[in-house]
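Okay, structure first, notes after.
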Amino acid sequence: MQHKKIITGILASLFSMSMFGQSMERSVQNRPYTDLRPLHFGIVIGANFQDMKFQNVGPQTLTLKDGSQMESNVVCDQNNWDPGFNVGVLMEARLNEYFAFRLAPQMYFGTRNLVFRNLQQSQTDGTTVEERQSLKTVYIGANLDIIFASKRFNNHRPYMMAGIAPMMNLTTKASNYIQMKKADVFAEVGIGCDFYLPFFKLRPELKFMMGLSNCFNSKHIEDMNNADEMPYAASVKGAKSKMVVLSFYFE
């Protein structure tokens, strides 16, 4: 609920700034020729909120490496959108007055806090037995975006963007119950606004990133030898990543 309030507040702020600018009289423009250059370069920093949607297997019969079998019913979930941060660089190519292409290699750092509920076991007080895993993620990738911007008015210019982001996950610990694949691809859509300041252009942007592929590594269970960990490692058959990213571009 908290992250929804933050997103709503950011959207309202961007919209109000855009509408406020439209009602103003024209003023002196800062950096009037910056958007006419064929290429722009800059840096980006921001914050992200990561989530993961799991496909749980449900009740199942597991066959252990010694040939014995056991009944299992474990569900996995990420209860909250966990925060992280991102840094990178950008190159933007002007296509025409309204469209631009942006290449932004970035690194996304974050931690997903997962909860496993073993529905087969109960504690002395009757509550379900839970196990937790802190799944650290470090993505490195290249965001490939098309930007559609309105006409500049004074010193601001709102826009929309969409694109894809191939990613490589650099953290895959063998000791985790759940392990992610090294490669993933995200689709992304968002909105932002260019603010032309005297010495640089500032661009706050809010975007939503949705994983297009199954990022769960189902082969990870083959390397596990601890029978007590098997029900947790085998509880998931698929997963897709999601991110909400608030970035600030400096050009």
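Scheme for the structure tokens: letters A, B, ... for chains in order shown; per-chain residue numbers from 1; ligand numbers from 1 in order shown.
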Residues of range 41-198 of chain A in strand (DSSP E), written as number ranges by chain: A: 41-56, 60-63, 69-72, 74-78, 82-94, 99-122, 128-149, 156-169, 183-196
Would you put the residues from that selection into a file with C-alpha atoms, as a compact mmCIF listing (two decimals), in the first residue's frame?
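As a result, part24.txt now contains:
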# COMPACT_ATOMS: atom_id res chain seq x y z
CA PHE A 41 25.01 11.95 -23.23
CA GLY A 42 24.51 11.88 -19.49
CA ILE A 43 24.25 9.90 -16.28
CA VAL A 44 21.32 8.39 -14.37
CA ILE A 45 20.74 7.58 -10.71
CA GLY A 46 17.55 6.36 -9.09
CA ALA A 47 15.63 4.14 -6.73
CA ASN A 48 13.75 0.96 -7.56
CA PHE A 49 11.20 -1.29 -5.87
CA GLN A 50 11.46 -4.97 -6.80
CA ASP A 51 8.82 -7.70 -6.63
CA MET A 52 8.45 -11.22 -7.95
CA LYS A 53 5.34 -13.16 -8.91
CA PHE A 54 5.70 -16.89 -8.20
CA GLN A 55 3.91 -19.91 -9.65
CA ASN A 56 3.70 -22.34 -6.73
CA GLN A 60 3.30 -32.78 -4.35
CA THR A 61 5.25 -35.98 -3.69
CA LEU A 62 9.03 -35.51 -3.78
CA THR A 63 11.48 -38.29 -4.59
CA GLN A 69 9.56 -40.14 -0.99
CA MET A 70 8.01 -37.36 1.07
CA GLU A 71 4.82 -35.30 0.89
CA SER A 72 5.24 -31.56 0.55
CA VAL A 74 4.97 -25.24 0.56
CA VAL A 75 4.00 -21.85 -0.86
CA CYS A 76 6.45 -19.06 -1.64
CA ASP A 77 5.69 -15.35 -1.79
CA GLN A 78 7.35 -11.95 -1.67
CA ASP A 82 11.66 -4.24 -1.55
CA PRO A 83 13.69 -1.09 -2.27
CA GLY A 84 17.00 -0.82 -4.11
CA PHE A 85 18.91 1.67 -6.26
CA ASN A 86 20.24 1.97 -9.82
CA VAL A 87 23.06 3.86 -11.55
CA GLY A 88 24.12 4.14 -15.16
CA VAL A 89 24.93 6.24 -18.21
CA LEU A 90 22.90 7.18 -21.24
CA MET A 91 23.13 8.04 -24.90
CA GLU A 92 20.10 9.56 -26.61
CA ALA A 93 19.72 9.97 -30.37
CA ARG A 94 17.32 12.52 -31.81
CA PHE A 99 10.79 11.09 -31.06
CA ALA A 100 14.15 9.99 -29.68
CA PHE A 101 15.95 6.70 -29.11
CA ARG A 102 17.74 6.13 -25.79
CA LEU A 103 20.37 3.57 -24.84
CA ALA A 104 20.98 3.49 -21.07
CA PRO A 105 23.33 0.80 -19.68
CA GLN A 106 22.53 0.51 -15.96
CA MET A 107 23.06 -1.57 -12.86
CA TYR A 108 20.11 -2.33 -10.55
CA PHE A 109 20.86 -3.32 -6.97
CA GLY A 110 18.20 -4.78 -4.68
CA THR A 111 17.11 -7.46 -2.24
CA ARG A 112 13.97 -9.58 -2.37
CA ASN A 113 12.73 -10.90 0.97
CA LEU A 114 10.94 -14.21 0.32
CA VAL A 115 8.67 -16.11 2.71
CA PHE A 116 8.09 -19.89 2.48
CA ARG A 117 5.04 -21.26 4.34
CA ASN A 118 5.11 -25.00 4.98
CA LEU A 119 1.45 -26.00 5.08
CA GLN A 120 2.40 -29.55 6.11
CA GLN A 121 3.95 -28.46 9.40
CA SER A 122 2.71 -26.38 12.35
CA THR A 128 2.34 -22.45 10.00
CA VAL A 129 6.07 -23.09 9.91
CA GLU A 130 7.83 -20.35 7.91
CA GLU A 131 11.27 -20.08 6.35
CA ARG A 132 12.71 -16.87 4.95
CA GLN A 133 15.27 -16.10 2.30
CA SER A 134 16.96 -12.82 1.46
CA LEU A 135 17.52 -12.98 -2.30
CA LYS A 136 20.03 -10.32 -3.33
CA THR A 137 19.95 -9.20 -6.95
CA VAL A 138 22.44 -7.24 -9.03
CA TYR A 139 21.24 -6.70 -12.58
CA ILE A 140 23.39 -5.26 -15.34
CA GLY A 141 21.74 -4.48 -18.64
CA ALA A 142 20.97 -2.05 -21.42
CA ASN A 143 17.65 -0.20 -21.55
CA LEU A 144 16.54 0.38 -25.16
CA ASP A 145 13.75 2.97 -25.22
CA ILE A 146 11.71 5.05 -27.63
CA ILE A 147 10.74 8.46 -26.21
CA PHE A 148 7.74 10.45 -27.44
CA ALA A 149 7.84 14.04 -26.13
CA HIS A 156 9.95 21.91 -19.36
CA ARG A 157 8.83 19.15 -21.72
CA PRO A 158 6.73 16.12 -20.62
CA TYR A 159 7.12 12.80 -22.41
CA MET A 160 6.18 9.11 -22.49
CA MET A 161 8.53 6.21 -23.08
CA ALA A 162 8.47 2.49 -23.85
CA GLY A 163 11.12 -0.10 -24.53
CA ILE A 164 12.84 -3.33 -23.56
CA ALA A 165 15.71 -4.06 -21.20
CA PRO A 166 17.81 -7.24 -21.57
CA MET A 167 19.34 -8.00 -18.16
CA MET A 168 22.05 -10.20 -16.71
CA ASN A 169 21.74 -11.28 -13.07
CA ALA A 183 19.41 -13.83 -18.10
CA ASP A 184 16.08 -12.00 -18.16
CA VAL A 185 14.26 -9.51 -20.40
CA PHE A 186 11.98 -6.71 -19.19
CA ALA A 187 9.39 -4.62 -21.00
CA GLU A 188 9.13 -1.08 -19.68
CA VAL A 189 6.74 1.86 -19.96
CA GLY A 190 6.82 5.18 -18.16
CA ILE A 191 6.41 8.93 -18.09
CA GLY A 192 8.73 11.80 -17.29
CA CYS A 193 9.44 15.46 -17.81
CA ASP A 194 12.51 17.37 -19.00
CA PHE A 195 13.47 20.41 -16.92
CA TYR A 196 15.92 22.76 -18.63
Residues near Ser218 in chain A, cut-off 12 Å, only C-alpha atoms, skip fewer than 4 positions along chain, as a count of residues only: 18
Distance of CA of Lys201 in chain A from CA of Thr34 in chain A, expressed in Å to one decimal place: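 CA of Thr34 in chain A sits 8.5 Å away from CA of Lys201 in chain A.
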Which residue of A:Pro231, A:Val28, A:Phe250, A:Val245 approaches Phe199 in chain A most closely, using only C-alpha atoms: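 Of all the options, A:Phe250 lies closest to Phe199 in chain A.
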Separation of CA of Asn155 in chain A from CA of Leu202 in chain A, in Å and rounded to one decimal: 10.4 Å
d(CA of Ser68 in chain A, CA of Asn176 in chain A) in Å: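 Separating CA of Ser68 in chain A from CA of Asn176 in chain A is a distance of 23.1 Å.
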Distance criterion (only C-alpha atoms): nearest to Leu170 in chain A out of A:Met209, A:Tyr98, A:Asp35, A:Lys182: A:Lys182
